[in-house]
Structure formats: C-alpha cells, structure tokens
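Take a look at the structure set out below.
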Amino acid sequence: MQLNNMEELINKIYDIIWSDALVYLCLLTGIYFTVRFRCPQLMQIREMVRLLFNGNSSDKGISSFQAFSLAISGRVGTGNIAGVATAIAMGGPGAIFWMWVIAFLGSASAIVEATLGQMYKEVNDGEYRGGPAFYILKGLRSKTFAWTFAIVTIISTGFLLPGVQSNSISAAVESAFHVSPSITGLAIAGLLAIIIIGGVKRISTVAEYVVPFMAGAYILMALVIIALNFTEIPGVIALIVKSALNMEATFGAIAGMAISWGVKRGIYSNEAGQGTAPHAAAAAEVSHPIKQGLVQGFSVYVDTMFVCTATALMILFTGQYNVENPAGGFLVQHLPATEMGPAFTQQAVSHHFPSIGNAFVALALAFFAFTTIMAYYYIAETNISFVSRKKQHKTVLIWILRLLILGSTYVGCISTAKSAWTLGDIGVGLMAWLNLIAILLLHKKVVAIYADYREQQKSKKDPVFDNSKFQFPNMDLWSKKSTQHDEPID
C-alpha cells in the first residue's frame, strides 16, 4: 500500500512539472530567441562548424572541442536510442517531427544559456567553473534562486538522472548478452569510479575520444540501413509529418500526445534550455562568450537532427515499434510482448543484421549512456563547488556525491524502466523550469554582446570580448585590464 502511495505521489509530481505549461514555455522561449537573435541557428551555422575545431585548452580551461564533446556526452545518451523509441510508442511517428521542431528552436535557447555560462564563469580550484547557478547569482543577483537551481541540479544529476541511463544499459545488455543487471551495475559503477575520481580533465579527455567514435559508428550503421531502405524515405518522412499535423487517420487520436512526447523527449535528449550544457560551456577557453554559445547551439543539431533522426528512421523503416492507445491497448502493435525502449532499436537493427543487431545497439547505448553519466557527475560537482566555498566542506560533499552517483547508477540497473524514466523526467523538468525563467530574464545582455560579436565579424576580426566596453557587473574574467571587481551580492 505504501509503495502504491509513493508511486501515486511521484506521478502527481510528474504531472505538475510536465504540464502543458512547460511544453509551451519551451516552444515559446525557442521561438522568441530565434526571432530576437534573427535565427542564429541558421545564419551562423558555418561559424559554428569553424569554431568547433578552433581554439586550444589552457591550464584553467578546456578547448572548444573538448567542451563540445563534454556537452555532447551529456546530450547524446539513452534519450537518443530509448528516448526516441519511447516517443514513438507514446506519441506515434509524429513525435519525431516535434523533436525536430524543439531541436531547431532549442538551438537558439542553447546559444543563449551557453553564452551566459561563459559570461559569468569564475576560476575555482584552478579551473573554470560556471553554469546557471553562477549566472543567476551574478546576473540576477538572487542568492535564493541560484541556490535553488544548484540544489535541484545536484539532486537531479546526482540521483534522479543517472538511473535512467544505467537502466537502459542493463536492459540492452541483458537482451543482447543475457548478463544479469546486477553484474552490469557493478561493472558500470566500477568504471565510472575510476574516471570521476580523476576530475574534469580526465572526464573531458575521455569524452573527447569516446564521443566522436560512438556517435560516428552509430550514425554509420544508420546510414547503411537508410541506404538499404532508400526508396522508402519519402513515405517515412510523409508519415512523420502527417502524423504530427493530424493528417494520418491511424494516429489522429494522439496528435496532442505527439506534441507533448516530442517536446519531452526532445528536451530530455538534446537538453536545450535545461541548464546542463552551460556547465561544460563555462569550462572552455575562448576569446568571446558567443563563440562557445554557437558551438553549443551546433551540438543540439548533432544530438537530434543526426543521432535521434538516425534512430527514428531505423525504427520506422523496419516497422519495429508499437504505439500505445491512451484509451487502452495499442494503435499499432508490431512487437507483441516487447517493452518500449531500446528493444525497438535493437529489433530494427537486427531486422537487417540479425547476428549483430542486439549486440551493436547494446554497445552503442552503453557508450552513449555511460558518457552521459560522466557529464552528470561533472555538472553535479560544479554545483557543489558553487554551494560550498570552503575546501574542507567541499571535499566531503564531493565524496558524498561520488558515492551517491555510483549508488544511483547501480540501483538504476536493477530498477524498472518506468520508475527510472519518471524520476528522470522530474529532474529534467525542474531544471528546465528554473533555467528557462533565468535565461529569459538575462537574455538582453546576450543580445548586447551578440551585436558586439557580429560587429567584429563584419570587420573581419577574430572576435575578442572586453567587458570594459559594457561594464556588466560580476564578470571579472572578461575585463582586459582586470580592474573590475565583483559587486557584493546579498
């Protein structure tokens, strides 16, 4: 009885957080930034690619590409495989269209939040640190708001979200290799412990090498399957668009669900506006905050337009999916007795490559999800650095965090998928609410420095930011003469 009451409470919290209000807030914020910044996600796409491979690391900061890899390691995770399958299962093929929409609009939000992460970064223990808690405190001058975000983020990334990633790994590994979830959990926790104890430099180095390899191999497999089904591309694209716009009779009853689940899974996957990527963005060594904003805007495209679309096309080409009917039963059931999640993708790859399909998806998911847990740890550690300035207290809290994230990773492996996803969605939703409000309140400063960046671009200069031109308070690192001092914050 107590267990049922707890599940009911969790579901009620989920329903409150993920009401239509959050869905509309995400969409409208993306639309507003797209218009206000004159569509930077399209107009600056060449600059995004150029900046991706430009710049070096320093003693205090990582390179743009390392920051991109660290952010991508957070964005590209179980949402790209299991999340896409879940979106199709709950919202039909039309959910993919809305994932594309939220990615395009979310790229503008990602540019704003990552730029703010750079603007208000600071040096902490010899490394650049930053994120929403920092720009809320320094930009909005609200300690209560900043601490609320930091604590919510520590709980979300240290406790609620890792279980989603590890649960998908254990489910895929059990399906492919028949390995017990408890053994998978111990293996993941052990490997994670080795990496996170090495700190941000080791995490970013691992991400720099693993992320391009894992994403490249997965997309290559998807391209092979797309090539084998080349003639079906127009039909599948038409199915996605018609289902999204309520023009497909089979999925007419869930047109609203397509929007809701497309936005939910889109945000979960690409994390645009959620407030996670600014932590990685702040760690980069760049000459102008907008540079890292544009790099992070491009990472949203990599996540959704490339990796999520690859998963969706593989599933839809092969017909290896079910779509639930909110009234009960299924609107489409091609896989009887199959739980929604990575199994859809495994079946899709196995349709063409029976001998390696399950194993390939299990390994891809393991890489995707594991690097995401690494990114979660970095984000949680950054927020612990924010709330605890005393080194002795910080060290204790960081070790508690390490034990917490290792424990939640193991528990996620042996939990049910539904409970893991519900808790993860609560964490994502809470962070998104707080961060979207913050970046809407602070975006005018980004408008000002974006104009500065564009002016230098037009003059054929490599943009360099000097805050003495703007005199924004609490941005000490961006004054050339280092004469500006942080203002006291109550």
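Lettering and numbering for the structure tokens are positional, with chains as A, B, ... in the shown order, residues counted from 1 in each chain, and ligands counted from 1 in the shown order.
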Contact residues around stretch 83-99 of chain A with only C-alpha atoms at 6 Å, ignoring same-chain residues under 6 positions, as a short mmCIF file (atom, residue, chain, number, x, y, z; two decimals) with N, CA and C atoms, in the first residue's frame:
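Produced file part.cif, reproduced below:
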```
data_model
loop_
_atom_site.label_atom_id
_atom_site.label_comp_id
_atom_site.auth_asym_id
_atom_site.auth_seq_id
_atom_site.Cartn_x
_atom_site.Cartn_y
_atom_site.Cartn_z
N ILE A 240 5.76 10.77 -40.79
CA ILE A 240 6.13 11.59 -39.63
C ILE A 240 5.38 12.92 -39.65
N SER A 243 1.46 12.53 -39.37
CA SER A 243 1.08 12.14 -38.00
C SER A 243 1.19 13.33 -37.06
N ALA A 244 2.20 14.16 -37.28
CA ALA A 244 2.40 15.32 -36.41
C ALA A 244 1.31 16.37 -36.60
N MET A 257 -0.65 14.08 -28.03
CA MET A 257 0.40 13.29 -27.40
C MET A 257 1.70 13.39 -28.20
N ALA A 258 1.58 13.49 -29.53
CA ALA A 258 2.77 13.62 -30.37
C ALA A 258 3.55 14.88 -30.02
N ILE A 259 2.82 15.99 -29.84
CA ILE A 259 3.48 17.25 -29.46
C ILE A 259 4.13 17.11 -28.09
N TRP A 261 4.97 14.41 -26.22
CA TRP A 261 6.09 13.47 -26.10
C TRP A 261 7.26 13.88 -26.98
N GLY A 262 6.99 14.52 -28.11
CA GLY A 262 8.09 15.01 -28.93
C GLY A 262 8.90 16.07 -28.21
N VAL A 263 8.21 17.00 -27.54
CA VAL A 263 8.89 18.05 -26.78
C VAL A 263 9.60 17.46 -25.57
N ARG A 265 10.69 14.33 -24.96
CA ARG A 265 11.86 13.52 -25.31
C ARG A 265 12.91 14.35 -26.04
N GLY A 266 12.45 15.39 -26.75
CA GLY A 266 13.40 16.29 -27.40
C GLY A 266 14.25 17.02 -26.37
N ASN A 322 5.73 -0.32 -31.46
CA ASN A 322 4.33 -0.32 -31.03
C ASN A 322 3.94 1.11 -30.71
N VAL A 323 2.65 1.43 -30.84
CA VAL A 323 2.14 2.74 -30.42
C VAL A 323 0.94 2.50 -29.51
N GLU A 324 1.06 2.99 -28.27
CA GLU A 324 0.01 2.76 -27.29
C GLU A 324 -1.19 3.67 -27.53
N MET A 340 8.53 -0.92 -24.38
CA MET A 340 9.08 0.23 -25.10
C MET A 340 10.46 0.57 -24.58
N GLY A 341 11.31 1.04 -25.48
CA GLY A 341 12.67 1.40 -25.08
C GLY A 341 13.69 0.89 -26.08
#
```
For stretch 139-164 of chain A against stretch 170-185 of chain A, with a cut-off of 12 Å and counting only C-alpha atoms, what is the closest atom pair and its distance in Å to one decimal for every residue that makes the cut, ordered by chain and number, as CSV?
```
residue,atom,partner,partner_atom,distance
A:Pro162,CA,A:Gly185,CA,11.5
A:Gly163,CA,A:Gly185,CA,10.1
A:Val164,CA,A:Ser170,CA,10.2
```
| request: Have a look at A:Trp147, A:Phe330, A:Tyr32, A:Phe68 and name the one nearest to A:Asn383; count only C-alpha atoms. | output: A:Trp147
Which residues of stretch 292-371 of chain A sit at most 8 Å from stretch 190-211 of chain A, using only C-alpha atoms? Give each one's shortest atom pair and distance in Å (one decimal place), in chain and ascending residue order, as a tab-separated table.
```
residue	atom	partner	partner_atom	distance
A:Phe367	CA	A:Val210	CA	7.7
A:Phe368	CA	A:Val211	CA	7.8
A:Phe370	CA	A:Leu192	CA	7.9
A:Thr371	CA	A:Ala207	CA	6.7
```
Could you write out that same residue set with N, CA, C and O atoms as a PDB file, in the first residue's frame?
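Saved as out-v2.pdb:
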```
ATOM      1  N   PHE A 367      27.926   3.018 -24.462  1.00  0.00           N
ATOM      2  CA  PHE A 367      28.817   4.171 -24.627  1.00  0.00           C
ATOM      3  C   PHE A 367      28.053   5.481 -24.436  1.00  0.00           C
ATOM      4  O   PHE A 367      28.507   6.382 -23.719  1.00  0.00           O
ATOM      5  N   PHE A 368      26.903   5.602 -25.106  1.00  0.00           N
ATOM      6  CA  PHE A 368      26.104   6.829 -25.014  1.00  0.00           C
ATOM      7  C   PHE A 368      25.738   7.141 -23.564  1.00  0.00           C
ATOM      8  O   PHE A 368      25.937   8.253 -23.082  1.00  0.00           O
ATOM      9  N   PHE A 370      26.864   5.837 -20.713  1.00  0.00           N
ATOM     10  CA  PHE A 370      27.964   5.952 -19.757  1.00  0.00           C
ATOM     11  C   PHE A 370      28.579   7.348 -19.786  1.00  0.00           C
ATOM     12  O   PHE A 370      28.842   7.947 -18.729  1.00  0.00           O
ATOM     13  N   THR A 371      28.818   7.878 -20.995  1.00  0.00           N
ATOM     14  CA  THR A 371      29.399   9.220 -21.074  1.00  0.00           C
ATOM     15  C   THR A 371      28.423  10.274 -20.553  1.00  0.00           C
ATOM     16  O   THR A 371      28.849  11.313 -20.035  1.00  0.00           O
TER      17      THR A 371
END
```
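Contact shell of A:Ile16 at 12 Å (only C-alpha atoms; same-chain neighbours under 3 positions omitted): Leu9, Ile10, Asn11, Lys12, Ile13, Ser19, Asp20, Ala21, Leu22, Val23, Asp425, Ile426, Gly429, Leu430 and Trp433 of chain A.
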I need the residues from that last selection saved to file as a PDB file, in the first residue's frame (with N, CA, C and O atoms), if you can.
```
ATOM      1  N   LEU A   9       2.269   9.528  -5.631  1.00  0.00           N
ATOM      2  CA  LEU A   9       2.854  10.829  -5.320  1.00  0.00           C
ATOM      3  C   LEU A   9       3.847  11.246  -6.411  1.00  0.00           C
ATOM      4  O   LEU A   9       3.824  12.395  -6.875  1.00  0.00           O
ATOM      5  N   ILE A  10       4.706  10.317  -6.825  1.00  0.00           N
ATOM      6  CA  ILE A  10       5.690  10.598  -7.877  1.00  0.00           C
ATOM      7  C   ILE A  10       4.992  10.976  -9.176  1.00  0.00           C
ATOM      8  O   ILE A  10       5.377  11.928  -9.867  1.00  0.00           O
ATOM      9  N   ASN A  11       3.929  10.254  -9.511  1.00  0.00           N
ATOM     10  CA  ASN A  11       3.184  10.540 -10.744  1.00  0.00           C
ATOM     11  C   ASN A  11       2.501  11.900 -10.686  1.00  0.00           C
ATOM     12  O   ASN A  11       2.417  12.616 -11.694  1.00  0.00           O
ATOM     13  N   LYS A  12       1.982  12.280  -9.491  1.00  0.00           N
ATOM     14  CA  LYS A  12       1.355  13.595  -9.336  1.00  0.00           C
ATOM     15  C   LYS A  12       2.387  14.709  -9.503  1.00  0.00           C
ATOM     16  O   LYS A  12       2.113  15.735 -10.142  1.00  0.00           O
ATOM     17  N   ILE A  13       3.583  14.509  -8.920  1.00  0.00           N
ATOM     18  CA  ILE A  13       4.656  15.498  -9.070  1.00  0.00           C
ATOM     19  C   ILE A  13       5.037  15.637 -10.543  1.00  0.00           C
ATOM     20  O   ILE A  13       5.210  16.739 -11.062  1.00  0.00           O
ATOM     21  N   SER A  19       3.306  19.674 -16.989  1.00  0.00           N
ATOM     22  CA  SER A  19       2.009  20.114 -17.505  1.00  0.00           C
ATOM     23  C   SER A  19       2.224  20.760 -18.872  1.00  0.00           C
ATOM     24  O   SER A  19       3.360  20.982 -19.306  1.00  0.00           O
ATOM     25  N   ASP A  20       1.146  21.089 -19.551  1.00  0.00           N
ATOM     26  CA  ASP A  20       1.263  21.753 -20.853  1.00  0.00           C
ATOM     27  C   ASP A  20       2.014  23.076 -20.752  1.00  0.00           C
ATOM     28  O   ASP A  20       2.612  23.541 -21.734  1.00  0.00           O
ATOM     29  N   ALA A  21       2.015  23.677 -19.564  1.00  0.00           N
ATOM     30  CA  ALA A  21       2.677  24.972 -19.385  1.00  0.00           C
ATOM     31  C   ALA A  21       4.168  24.878 -19.705  1.00  0.00           C
ATOM     32  O   ALA A  21       4.728  25.780 -20.351  1.00  0.00           O
ATOM     33  N   LEU A  22       4.835  23.802 -19.274  1.00  0.00           N
ATOM     34  CA  LEU A  22       6.260  23.654 -19.553  1.00  0.00           C
ATOM     35  C   LEU A  22       6.503  23.396 -21.039  1.00  0.00           C
ATOM     36  O   LEU A  22       7.456  23.916 -21.619  1.00  0.00           O
ATOM     37  N   VAL A  23       5.641  22.607 -21.647  1.00  0.00           N
ATOM     38  CA  VAL A  23       5.765  22.341 -23.091  1.00  0.00           C
ATOM     39  C   VAL A  23       5.687  23.656 -23.869  1.00  0.00           C
ATOM     40  O   VAL A  23       6.523  23.938 -24.740  1.00  0.00           O
ATOM     41  N   ASP A 425      12.520  12.259 -15.668  1.00  0.00           N
ATOM     42  CA  ASP A 425      11.734  13.350 -16.246  1.00  0.00           C
ATOM     43  C   ASP A 425      11.446  14.451 -15.228  1.00  0.00           C
ATOM     44  O   ASP A 425      11.401  15.638 -15.569  1.00  0.00           O
ATOM     45  N   ILE A 426      11.234  14.060 -13.978  1.00  0.00           N
ATOM     46  CA  ILE A 426      11.019  15.056 -12.923  1.00  0.00           C
ATOM     47  C   ILE A 426      12.260  15.937 -12.777  1.00  0.00           C
ATOM     48  O   ILE A 426      12.168  17.170 -12.687  1.00  0.00           O
ATOM     49  N   GLY A 429      12.553  18.253 -15.851  1.00  0.00           N
ATOM     50  CA  GLY A 429      11.524  19.282 -15.827  1.00  0.00           C
ATOM     51  C   GLY A 429      11.805  20.388 -14.825  1.00  0.00           C
ATOM     52  O   GLY A 429      11.641  21.577 -15.133  1.00  0.00           O
ATOM     53  N   LEU A 430      12.236  20.015 -13.626  1.00  0.00           N
ATOM     54  CA  LEU A 430      12.548  21.014 -12.598  1.00  0.00           C
ATOM     55  C   LEU A 430      13.665  21.944 -13.062  1.00  0.00           C
ATOM     56  O   LEU A 430      13.573  23.173 -12.921  1.00  0.00           O
ATOM     57  N   TRP A 433      12.389  24.339 -15.933  1.00  0.00           N
ATOM     58  CA  TRP A 433      11.565  25.449 -15.429  1.00  0.00           C
ATOM     59  C   TRP A 433      12.450  26.584 -14.907  1.00  0.00           C
ATOM     60  O   TRP A 433      12.275  27.758 -15.275  1.00  0.00           O
TER      61      TRP A 433
END
```
| said: Which residues are close to A:Asn358, i.e. within 9 Å by only C-alpha atoms, leaving aside same-chain residues fewer than 3 positions away? Reply as a ChimeraX atom specification. | reply: /A:172-173,175-177,343,345-347,349-350,353-355,361-363
| task | Would you please extract all helix (DSSP H, G or I) residues from stretch 14-225 of chain A, as assigned by DSSP on the backbone, and give them as a PyMOL selection string? | result | chain A and resi 14-17+20-36+40-43+45-52+64-75+78-80+82-91+94-119+132-139+143-160+162-177+181-196+199-225
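Among the candidates A:Leu436, A:Ala337, A:Met374, A:Val447, the one nearest to A:Leu25 when counting only C-alpha atoms is A:Leu436.
Distance check against A:Leu42 using only C-alpha atoms: of A:Gly117, A:Gly252, A:Gly273, A:Gly297, the minimum falls on A:Gly297.
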